[in-house]
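Asks: Just target19.cif, nothing more (mmCIF, C-alpha atoms and all ligand atoms):
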data_protein
loop_
_atom_site.label_atom_id
_atom_site.label_comp_id
_atom_site.auth_asym_id
_atom_site.auth_seq_id
_atom_site.Cartn_x
_atom_site.Cartn_y
_atom_site.Cartn_z
CA MET C 652 131.08 -36.10 19.45
CA ALA C 653 128.13 -37.12 21.56
CA LEU C 654 125.09 -38.76 20.03
CA LEU C 655 121.99 -38.27 22.17
CA GLY C 656 118.35 -39.10 21.69
CA ALA C 657 115.39 -41.00 23.12
CA ASN C 658 115.02 -44.78 22.86
CA GLY C 659 114.49 -45.76 19.26
CA SER C 660 115.68 -42.43 17.84
CA GLY C 661 118.24 -44.19 15.63
CA LYS C 662 121.54 -43.80 17.49
CA SER C 663 122.62 -47.43 17.23
CA THR C 664 121.43 -47.64 13.66
CA LEU C 665 123.59 -44.67 12.72
CA ALA C 666 126.54 -46.13 14.65
CA ARG C 667 126.26 -49.43 12.80
CA MET C 668 126.16 -47.59 9.51
CA LEU C 669 129.55 -46.09 10.27
CA ASN C 670 131.52 -49.30 9.86
CA GLY C 671 129.28 -51.14 7.46
CA LEU C 672 127.61 -53.44 10.01
CA LEU C 673 124.44 -52.01 8.47
CA LEU C 674 124.08 -50.67 4.94
CA PRO C 675 121.59 -47.93 4.11
CA ALA C 676 118.58 -48.81 1.96
CA ARG C 677 119.16 -45.55 0.12
CA GLY C 678 122.14 -43.25 -0.28
CA THR C 679 125.72 -43.94 0.74
CA VAL C 680 127.79 -43.70 3.89
CA THR C 681 131.38 -42.59 3.41
CA VAL C 682 134.00 -42.50 6.15
CA ASP C 683 137.35 -40.88 5.37
CA GLY C 684 136.66 -41.41 1.69
CA LEU C 685 135.79 -45.08 2.11
CA ALA C 686 132.27 -46.08 1.05
CA THR C 687 130.78 -48.62 3.46
CA SER C 688 129.06 -50.33 0.52
CA ASP C 689 132.39 -51.13 -1.13
CA GLU C 690 133.23 -54.68 -0.13
CA ALA C 691 136.84 -54.32 -1.28
CA GLN C 692 137.32 -51.50 1.25
CA ARG C 693 135.26 -52.87 4.08
CA HIS C 694 138.17 -54.58 5.80
CA GLN C 695 140.08 -51.32 5.91
CA LEU C 696 136.97 -49.45 7.01
CA ARG C 697 136.29 -51.84 9.91
CA ARG C 698 139.82 -51.30 11.12
CA ARG C 699 139.46 -47.53 11.00
CA VAL C 700 136.07 -47.46 12.70
CA GLN C 701 136.09 -49.55 15.86
CA MET C 702 132.96 -50.12 17.93
CA ILE C 703 132.40 -50.82 21.59
CA PHE C 704 129.01 -52.05 22.76
CA GLN C 705 127.00 -52.11 25.94
CA ASN C 706 127.66 -55.52 27.38
CA PRO C 707 131.23 -55.84 28.67
CA GLU C 708 130.99 -59.62 28.89
CA ASN C 709 130.22 -60.17 25.22
CA GLN C 710 133.28 -58.52 23.79
CA ALA C 711 136.36 -60.40 24.87
CA VAL C 712 137.43 -63.47 22.88
CA GLY C 713 140.64 -64.31 24.76
CA LEU C 714 140.99 -65.86 28.19
CA THR C 715 143.31 -63.10 29.35
CA PRO C 716 143.59 -59.43 28.34
CA ALA C 717 146.89 -60.13 26.54
CA GLU C 718 145.35 -63.01 24.57
CA ASP C 719 142.29 -60.97 23.77
CA ILE C 720 144.28 -58.12 22.26
CA ALA C 721 146.61 -60.55 20.48
CA PHE C 722 143.62 -62.13 18.74
CA GLY C 723 142.73 -58.92 16.91
CA LEU C 724 146.34 -58.13 16.09
CA VAL C 725 147.03 -61.58 14.63
CA ASN C 726 143.85 -61.20 12.59
CA ILE C 727 145.21 -58.13 10.85
CA GLY C 728 148.66 -59.68 10.38
CA TRP C 729 150.58 -57.74 13.02
CA PRO C 730 154.24 -58.91 13.01
CA ARG C 731 154.63 -61.69 15.61
CA GLN C 732 157.78 -60.29 17.15
CA GLN C 733 156.04 -56.96 17.79
CA LEU C 734 152.89 -58.42 19.35
CA ALA C 735 153.97 -58.23 22.98
CA ALA C 736 155.06 -54.61 22.74
CA ARG C 737 151.78 -53.58 21.08
CA ILE C 738 149.71 -55.45 23.67
CA ASP C 739 151.60 -53.78 26.51
CA TRP C 740 151.17 -50.38 24.88
CA ALA C 741 147.41 -50.85 24.48
CA LEU C 742 146.97 -52.05 28.08
CA GLU C 743 149.00 -49.06 29.32
CA GLN C 744 146.67 -46.69 27.48
CA VAL C 745 143.66 -47.87 29.46
CA GLY C 746 145.49 -48.49 32.75
CA LEU C 747 145.17 -52.27 32.68
CA ALA C 748 148.86 -53.24 32.45
CA ALA C 749 148.75 -54.93 35.86
CA LYS C 750 145.92 -57.24 34.71
CA ARG C 751 147.70 -58.36 31.54
CA ASP C 752 147.59 -62.09 32.27
CA ARG C 753 144.64 -62.33 34.66
CA PRO C 754 141.50 -64.24 33.62
CA VAL C 755 139.16 -61.89 31.73
CA HIS C 756 136.16 -63.16 33.70
CA ALA C 757 137.79 -61.92 36.92
CA LEU C 758 137.82 -58.32 35.64
CA SER C 759 135.11 -55.89 36.75
CA GLY C 760 132.63 -54.55 34.20
CA GLY C 761 134.54 -51.29 33.98
CA GLU C 762 137.82 -53.15 33.44
CA GLN C 763 136.24 -55.28 30.75
CA GLN C 764 135.13 -52.14 28.91
CA LYS C 765 138.67 -50.82 29.23
CA LEU C 766 139.94 -54.07 27.78
CA ALA C 767 137.51 -53.76 24.87
CA THR C 768 138.91 -50.26 24.36
CA ALA C 769 142.50 -51.52 24.47
CA ALA C 770 141.70 -54.23 21.94
CA CYS C 771 140.32 -51.54 19.61
CA LEU C 772 143.20 -49.12 20.17
CA ALA C 773 145.78 -51.80 19.42
CA LEU C 774 144.48 -51.90 15.86
CA GLY C 775 145.18 -48.19 15.37
CA PRO C 776 141.68 -46.94 14.55
CA ARG C 777 140.88 -43.41 13.43
CA TRP C 778 137.40 -43.51 14.97
CA LEU C 779 136.01 -45.10 18.08
CA VAL C 780 132.25 -45.49 18.35
CA LEU C 781 130.93 -46.33 21.80
CA ASP C 782 127.29 -47.38 21.86
CA GLU C 783 126.14 -46.97 25.46
CA ALA C 784 129.41 -48.50 26.58
CA THR C 785 128.82 -47.24 30.12
CA ALA C 786 125.20 -48.40 30.42
CA MET C 787 126.01 -51.47 32.51
CA LEU C 788 128.59 -49.82 34.75
CA ASP C 789 127.97 -48.36 38.20
CA PRO C 790 128.32 -44.57 38.48
CA ALA C 791 131.92 -44.67 39.73
CA ALA C 792 133.08 -47.07 37.01
CA ARG C 793 131.14 -45.09 34.43
CA TRP C 794 132.91 -41.90 35.40
CA GLN C 795 136.30 -43.56 35.45
CA PHE C 796 135.79 -45.14 32.05
CA ARG C 797 134.82 -41.79 30.60
CA GLN C 798 137.93 -40.18 32.08
CA THR C 799 140.08 -42.89 30.49
CA LEU C 800 138.53 -42.20 27.10
CA ASP C 801 139.04 -38.47 27.56
CA THR C 802 142.74 -38.96 28.21
CA ILE C 803 143.12 -41.25 25.22
CA ARG C 804 141.34 -38.97 22.81
CA ARG C 805 143.70 -36.17 23.77
CA GLN C 806 146.79 -38.31 23.19
CA GLU C 807 145.83 -40.22 20.06
CA ARG C 808 144.63 -38.94 16.73
CA LEU C 809 141.25 -40.43 17.42
CA GLY C 810 137.69 -39.23 16.93
CA VAL C 811 135.33 -40.50 19.61
CA ILE C 812 131.62 -40.89 18.98
CA TRP C 813 129.94 -41.39 22.30
CA ILE C 814 126.37 -42.63 22.42
CA THR C 815 124.65 -42.29 25.75
CA HIS C 816 121.46 -41.52 27.63
CA HIS C 817 123.47 -39.58 30.20
CA LEU C 818 123.88 -36.00 29.16
CA GLU C 819 126.19 -35.28 32.10
CA GLU C 820 128.76 -37.63 30.54
CA VAL C 821 129.17 -35.45 27.49
CA LEU C 822 129.31 -31.89 28.80
CA GLY C 823 132.95 -31.82 27.68
CA ALA C 824 132.20 -32.97 24.12
CA ASP C 825 133.14 -30.78 21.17
CA ARG C 826 129.76 -31.37 19.59
CA ILE C 827 126.42 -32.81 20.54
CA VAL C 828 124.17 -34.37 17.93
CA LEU C 829 120.52 -34.78 18.92
CA MET C 830 118.70 -37.59 17.13
CA ASP C 831 114.96 -37.88 16.75
CA GLY C 832 112.89 -40.27 14.64
CA GLY C 833 115.91 -41.66 12.78
CA ARG C 834 117.19 -38.21 11.84
CA VAL C 835 119.68 -35.68 13.09
CA HIS C 836 117.51 -33.10 14.79
CA ALA C 837 120.13 -30.63 15.97
CA VAL C 838 123.90 -30.24 16.19
CA GLY C 839 125.72 -27.86 18.51
CA ARG C 840 128.17 -27.27 21.29
CA PRO C 841 127.07 -28.61 24.69
CA GLY C 842 126.46 -25.08 26.02
CA ASP C 843 124.21 -24.21 23.07
CA VAL C 844 122.23 -27.43 23.17
CA LEU C 845 121.79 -27.37 26.94
CA GLY C 846 120.55 -23.81 26.75
CA GLN C 847 117.51 -25.01 24.81
CA PRO C 848 115.40 -27.07 27.22
CA GLN C 849 112.55 -27.25 24.72
CA LEU C 850 114.80 -28.79 22.11
CA LEU C 851 116.02 -31.36 24.61
CA GLU C 852 112.48 -32.14 25.65
CA GLN C 853 111.41 -32.60 22.02
CA CYS C 854 114.17 -35.16 21.61
CA GLY C 855 113.43 -36.87 24.93
CA VAL C 856 116.75 -35.95 26.53
CA GLU C 857 116.84 -34.92 30.16
CA LEU C 858 118.90 -31.99 31.40
CA PRO C 859 121.66 -33.23 33.77
CA TYR C 860 121.26 -32.68 37.47
CA LEU C 861 123.49 -29.59 37.92
CA PRO C 862 122.11 -27.45 35.08
CA ALA C 863 118.57 -28.57 35.96
CA LEU C 864 119.07 -27.51 39.58
CA ALA C 865 120.70 -24.26 38.46
CA ARG C 866 117.70 -23.55 36.30
CA GLU C 867 115.25 -24.01 39.15
CA LEU C 868 117.36 -21.82 41.41
CA ARG C 869 117.45 -19.10 38.78
CA GLU C 870 113.70 -19.33 38.42
CA ALA C 871 113.47 -18.91 42.19
CA GLY C 872 115.43 -15.68 41.84
CA LEU C 873 118.95 -16.78 42.80
CA ASP C 874 121.95 -15.49 40.88
CA VAL C 875 123.38 -18.77 39.57
CA PRO C 876 125.21 -19.30 36.28
CA SER C 877 123.33 -21.44 33.73
CA PHE C 878 126.01 -24.10 33.69
CA PRO C 879 127.71 -23.89 37.06
CA THR C 880 130.50 -26.14 38.18
CA ILE C 881 129.73 -27.97 41.38
CA ASP C 882 132.04 -25.56 43.26
CA GLU C 883 130.27 -22.50 41.88
CA LEU C 884 126.93 -23.94 42.92
CA VAL C 885 128.17 -24.75 46.42
CA THR C 886 129.57 -21.23 46.82
CA THR C 887 126.30 -19.66 45.67
CA LEU C 888 124.20 -21.82 47.95
CA CYS C 889 126.44 -21.21 50.97
CA ARG C 890 126.26 -17.45 50.40
N1 LIG Q 901 116.97 -43.50 9.61
C1 LIG Q 901 116.17 -44.55 9.85
N2 LIG Q 901 115.29 -44.97 8.93
C2 LIG Q 901 114.50 -46.02 9.17
N3 LIG Q 901 114.48 -46.73 10.31
C3 LIG Q 901 115.32 -46.37 11.27
C4 LIG Q 901 116.21 -45.24 11.10
N4 LIG Q 901 116.93 -45.10 12.24
C5 LIG Q 901 116.50 -46.08 13.07
N5 LIG Q 901 115.54 -46.82 12.49
C6 LIG Q 901 114.85 -47.96 13.13
O1 LIG Q 901 114.39 -47.56 14.41
C7 LIG Q 901 114.57 -48.58 15.36
C8 LIG Q 901 115.30 -48.08 16.57
O2 LIG Q 901 116.56 -47.56 16.21
P1 LIG Q 901 117.87 -47.69 17.09
O3 LIG Q 901 117.98 -49.02 17.73
O4 LIG Q 901 118.99 -47.24 16.24
O5 LIG Q 901 117.58 -46.62 18.23
P2 LIG Q 901 118.48 -46.14 19.46
O6 LIG Q 901 118.48 -44.65 19.44
O7 LIG Q 901 119.80 -46.82 19.44
O8 LIG Q 901 117.62 -46.61 20.70
P3 LIG Q 901 118.10 -47.05 22.18
O9 LIG Q 901 118.34 -45.77 22.92
O10 LIG Q 901 116.89 -47.79 22.72
O11 LIG Q 901 119.30 -47.91 22.06
C9 LIG Q 901 115.32 -49.71 14.66
O12 LIG Q 901 114.42 -50.75 14.41
C10 LIG Q 901 115.82 -49.09 13.37
O13 LIG Q 901 115.80 -50.02 12.31
MG MG Q 902 120.76 -48.09 20.79
#
The structure given in the file should be rewritten as structure tokens.

Replies:
Amino acid sequence: MALLGANGSGKSTLARMLNGLLLPARGTVTVDGLATSDEAQRHQLRRRVQMIFQNPENQAVGLTPAEDIAFGLVNIGWPRQQLAARIDWALEQVGLAAKRDRPVHALSGGEQQKLATAACLALGPRWLVLDEATAMLDPAARWQFRQTLDTIRRQERLGVIWITHHLEEVLGADRIVLMDGGRVHAVGRPGDVLGQPQLLEQCGVELPYLPALARELREAGLDVPSFPTIDELVTTLCR
């Protein structure tokens, strides 16, 4: 699920409500039957709902990826003799096995975000909330990180909530939620939401490059699909 909206529309606030980092002034937030306000359940809730933030450098606590993942596992009482296997599994998931014992500070930003993801996955969450986790990555690393997450969400029983300002990152999402003024403004499939430029404009979200270009070409009288793949667009333009 992608969470989109202008600056200050309440995306991070909602994200922090999901694992009890923030508690609502009114009403309740319940995740898988666990109320975030229930202190007795909060430990379990935090394990189920893992969060990844924007700054890759702020998230690791260990000196090496292996140590970093071990820290979280020891915290939840993972059996000592099974630590190494779990660490290796988690690093495999994100494609960082080769960097297992390298210094964390020598990893690239994209690798550090993958490590943060591995550290979360090791704990066996049900939900992964990524709050602009790609914001500090260059376009190539951003794309690669998203691909990694896509693969993982297909393999694991894991719901991914992806907060971003980049609509093109979430064209493959099952659902898009548009936030505005601290409220959910609209929910729909990417195709439905993208087909409503006015709605996007209201919520301060820009149409990605390809559909925006396709729209202008259509307006200029060319026969282009509304949401072309890059190959379709190239074929049309060459013709
Ligand atoms: N439902 C709400 N009710 C009251 N205040 C809210 C609500 N949602 C958000 N706010 C307030 O609005 C401000 C901005 O919210 P938030 O940081 O969640 O926005 P954001 O969408 O994550 O913005 P950005 O894109 O800049 O990260 C915060 O100070 C927050 O306390
Ligand atoms: Mg935010």

Asks: Taking only C-alpha atoms and all ligand atoms into account, produce a table as JSON lines in which each residue of chain C with an atom at most 12 Å from an atom of ligand LIG 901 (chain Q) appears once, together with its shortest atom pair and the distance in Å to one decimal, ordered by chain and rising number.

Replies:
{"residue": "C:Leu654", "atom": "CA", "partner": "Q:LIG901", "partner_atom": "O6", "distance": 8.9}
{"residue": "C:Leu655", "atom": "CA", "partner": "Q:LIG901", "partner_atom": "O6", "distance": 7.8}
{"residue": "C:Gly656", "atom": "CA", "partner": "Q:LIG901", "partner_atom": "O6", "distance": 6.0}
{"residue": "C:Ala657", "atom": "CA", "partner": "Q:LIG901", "partner_atom": "O9", "distance": 5.6}
{"residue": "C:Asn658", "atom": "CA", "partner": "Q:LIG901", "partner_atom": "O9", "distance": 3.5}
{"residue": "C:Gly659", "atom": "CA", "partner": "Q:LIG901", "partner_atom": "O5", "distance": 3.4}
{"residue": "C:Ser660", "atom": "CA", "partner": "Q:LIG901", "partner_atom": "O6", "distance": 3.9}
{"residue": "C:Gly661", "atom": "CA", "partner": "Q:LIG901", "partner_atom": "O4", "distance": 3.2}
{"residue": "C:Lys662", "atom": "CA", "partner": "Q:LIG901", "partner_atom": "O6", "distance": 3.7}
{"residue": "C:Ser663", "atom": "CA", "partner": "Q:LIG901", "partner_atom": "O7", "distance": 3.6}
{"residue": "C:Thr664", "atom": "CA", "partner": "Q:LIG901", "partner_atom": "O4", "distance": 3.6}
{"residue": "C:Leu665", "atom": "CA", "partner": "Q:LIG901", "partner_atom": "O4", "distance": 6.3}
{"residue": "C:Ala666", "atom": "CA", "partner": "Q:LIG901", "partner_atom": "O4", "distance": 7.8}
{"residue": "C:Arg667", "atom": "CA", "partner": "Q:LIG901", "partner_atom": "O4", "distance": 8.3}
{"residue": "C:Met668", "atom": "CA", "partner": "Q:LIG901", "partner_atom": "O4", "distance": 9.8}
{"residue": "C:Leu673", "atom": "CA", "partner": "Q:LIG901", "partner_atom": "O13", "distance": 9.7}
{"residue": "C:Leu674", "atom": "CA", "partner": "Q:LIG901", "partner_atom": "O13", "distance": 11.1}
{"residue": "C:Pro675", "atom": "CA", "partner": "Q:LIG901", "partner_atom": "N1", "distance": 8.4}
{"residue": "C:Ala676", "atom": "CA", "partner": "Q:LIG901", "partner_atom": "N2", "distance": 8.6}
{"residue": "C:Arg677", "atom": "CA", "partner": "Q:LIG901", "partner_atom": "N2", "distance": 9.6}
{"residue": "C:Gly678", "atom": "CA", "partner": "Q:LIG901", "partner_atom": "N1", "distance": 11.2}
{"residue": "C:Phe704", "atom": "CA", "partner": "Q:LIG901", "partner_atom": "O11", "distance": 10.6}
{"residue": "C:Gln705", "atom": "CA", "partner": "Q:LIG901", "partner_atom": "O11", "distance": 9.6}
{"residue": "C:Leu781", "atom": "CA", "partner": "Q:LIG901", "partner_atom": "O7", "distance": 11.4}
{"residue": "C:Asp782", "atom": "CA", "partner": "Q:LIG901", "partner_atom": "O7", "distance": 7.9}
{"residue": "C:Glu783", "atom": "CA", "partner": "Q:LIG901", "partner_atom": "O11", "distance": 7.7}
{"residue": "C:Ala784", "atom": "CA", "partner": "Q:LIG901", "partner_atom": "O11", "distance": 11.1}
{"residue": "C:Ala786", "atom": "CA", "partner": "Q:LIG901", "partner_atom": "O11", "distance": 10.2}
{"residue": "C:Trp813", "atom": "CA", "partner": "Q:LIG901", "partner_atom": "O7", "distance": 11.9}
{"residue": "C:Ile814", "atom": "CA", "partner": "Q:LIG901", "partner_atom": "O7", "distance": 8.3}
{"residue": "C:Thr815", "atom": "CA", "partner": "Q:LIG901", "partner_atom": "O9", "distance": 7.7}
{"residue": "C:His816", "atom": "CA", "partner": "Q:LIG901", "partner_atom": "O9", "distance": 7.1}
{"residue": "C:His817", "atom": "CA", "partner": "Q:LIG901", "partner_atom": "O9", "distance": 10.8}
{"residue": "C:Val828", "atom": "CA", "partner": "Q:LIG901", "partner_atom": "O6", "distance": 11.8}
{"residue": "C:Leu829", "atom": "CA", "partner": "Q:LIG901", "partner_atom": "O6", "distance": 10.1}
{"residue": "C:Met830", "atom": "CA", "partner": "Q:LIG901", "partner_atom": "O6", "distance": 7.4}
{"residue": "C:Asp831", "atom": "CA", "partner": "Q:LIG901", "partner_atom": "O6", "distance": 8.1}
{"residue": "C:Gly832", "atom": "CA", "partner": "Q:LIG901", "partner_atom": "N4", "distance": 6.7}
{"residue": "C:Gly833", "atom": "CA", "partner": "Q:LIG901", "partner_atom": "N4", "distance": 3.6}
{"residue": "C:Arg834", "atom": "CA", "partner": "Q:LIG901", "partner_atom": "N1", "distance": 5.7}
{"residue": "C:Val835", "atom": "CA", "partner": "Q:LIG901", "partner_atom": "N1", "distance": 9.0}
{"residue": "C:His836", "atom": "CA", "partner": "Q:LIG901", "partner_atom": "N1", "distance": 11.6}
{"residue": "C:Cys854", "atom": "CA", "partner": "Q:LIG901", "partner_atom": "O6", "distance": 10.6}
{"residue": "C:Gly855", "atom": "CA", "partner": "Q:LIG901", "partner_atom": "O9", "distance": 10.4}
{"residue": "C:Val856", "atom": "CA", "partner": "Q:LIG901", "partner_atom": "O9", "distance": 10.6}

Asks: Residues at most 7 Å from stretch 789-799 of chain C, counting only C-alpha atoms, excluding those fewer than 2 positions away in the same chain, as a ChimeraX atom specification?

Replies: /C:745,761,765,785,787,801-803

Asks: Could you check how far atom CA of C:Glu718 sits from atom CA of C:Gly810, in Å to one decimal?

Replies: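 Interatomic distance here is 26.1 Å.
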
Asks: Write out as a PyMOL selection string which residues come within 9 Å of C:Leu888 when counting all atoms listed in the file, dropping same-chain ones fewer than 3 positions away.

Replies: chain C and resi 873+875+883-885

Asks: Counting all atoms listed in the file, what is within 12 Å of stretch 742-744 of chain C, bar same-chain residues fewer than 3 positions away, as a tab-separated table (two decimals) with C-alpha atoms, in the frame of the given file?

Replies:
chain	number	residue	atom	x	y	z
C	715	THR	CA	143.31	-63.10	29.35
C	716	PRO	CA	143.59	-59.43	28.34
C	717	ALA	CA	146.89	-60.13	26.54
C	718	GLU	CA	145.35	-63.01	24.57
C	719	ASP	CA	142.29	-60.97	23.77
C	720	ILE	CA	144.28	-58.12	22.26
C	721	ALA	CA	146.61	-60.55	20.48
C	735	ALA	CA	153.97	-58.23	22.98
C	736	ALA	CA	155.06	-54.61	22.74
C	737	ARG	CA	151.78	-53.58	21.08
C	738	ILE	CA	149.71	-55.45	23.67
C	739	ASP	CA	151.60	-53.78	26.51
C	747	LEU	CA	145.17	-52.27	32.68
C	748	ALA	CA	148.86	-53.24	32.45
C	749	ALA	CA	148.75	-54.93	35.86
C	750	LYS	CA	145.92	-57.24	34.71
C	751	ARG	CA	147.70	-58.36	31.54
C	752	ASP	CA	147.59	-62.09	32.27
C	762	GLU	CA	137.82	-53.15	33.44
C	763	GLN	CA	136.24	-55.28	30.75
C	764	GLN	CA	135.13	-52.14	28.91
C	765	LYS	CA	138.67	-50.82	29.23
C	766	LEU	CA	139.94	-54.07	27.78
C	767	ALA	CA	137.51	-53.76	24.87
C	768	THR	CA	138.91	-50.26	24.36
C	769	ALA	CA	142.50	-51.52	24.47
C	770	ALA	CA	141.70	-54.23	21.94
C	771	CYS	CA	140.32	-51.54	19.61
C	772	LEU	CA	143.20	-49.12	20.17
C	773	ALA	CA	145.78	-51.80	19.42
C	796	PHE	CA	135.79	-45.14	32.05
C	798	GLN	CA	137.93	-40.18	32.08
C	799	THR	CA	140.08	-42.89	30.49
C	800	LEU	CA	138.53	-42.20	27.10
C	801	ASP	CA	139.04	-38.47	27.56
C	802	THR	CA	142.74	-38.96	28.21
C	803	ILE	CA	143.12	-41.25	25.22
C	804	ARG	CA	141.34	-38.97	22.81
C	805	ARG	CA	143.70	-36.17	23.77
C	806	GLN	CA	146.79	-38.31	23.19
C	807	GLU	CA	145.83	-40.22	20.06

Asks: Would you work out the distance separating atom CA of C:Leu788 from atom CA of C:Gln710, expressed in Å to one decimal?

Replies: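 Computed distance, atom CA of C:Leu788 to atom CA of C:Gln710, equals 14.8 Å.
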
Asks: Which one is closest to ligand MG 902 (chain Q): C:Ile703, C:Leu861, C:Ala691, C:Ala871? Count only C-alpha atoms and all ligand atoms.

Replies: C:Ile703

Asks: Atom CA of C:Leu714 and atom CA of C:Arg753 are how many Å apart?

Replies: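 A separation of 8.2 Å between them.
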
Asks: Need the neighbours of (134.1, -38.7, 20.8): which residues are at most 7 Å away, counting only C-alpha atoms, as a count of residues only?

Replies: 7

Asks: Would you be able to write out as a ChimeraX atom specification which residues have an atom within 10 Å of (130.3, -43.2, 10.8) in the file's coordinates, counting all atoms listed in the file?

Replies: /C:665-671,680-683,687,696,700-701,778-780,812

Asks: Out of C:Val821, C:Leu850, C:Ala865, C:Leu774, which residue has the shortest atom-to-atom distance to C:Trp729 when counting all atoms listed in the file?

Replies: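 So, comparing all the options, the nearest one is C:Leu774.
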
Asks: Using all atoms listed in the file, can you tell me which of C:Gly713, C:Pro862, C:Gly728, C:Gly723 comes closest to C:Phe878?

Replies: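 Checking each candidate against C:Phe878, we get C:Pro862 as the closest.
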
Asks: Can you sort out the box for stretch 826-829 of chain C, edges along x, y and z, all listed atoms in, 6 Å on every side, with centre and edge lengths in Å to one decimal, as lines of an AutoDock Vina configuration file?

Replies:
center_x = 125.1
center_y = -33.1
center_z = 19.2
size_x = 21.2
size_y = 15.4
size_z = 14.6
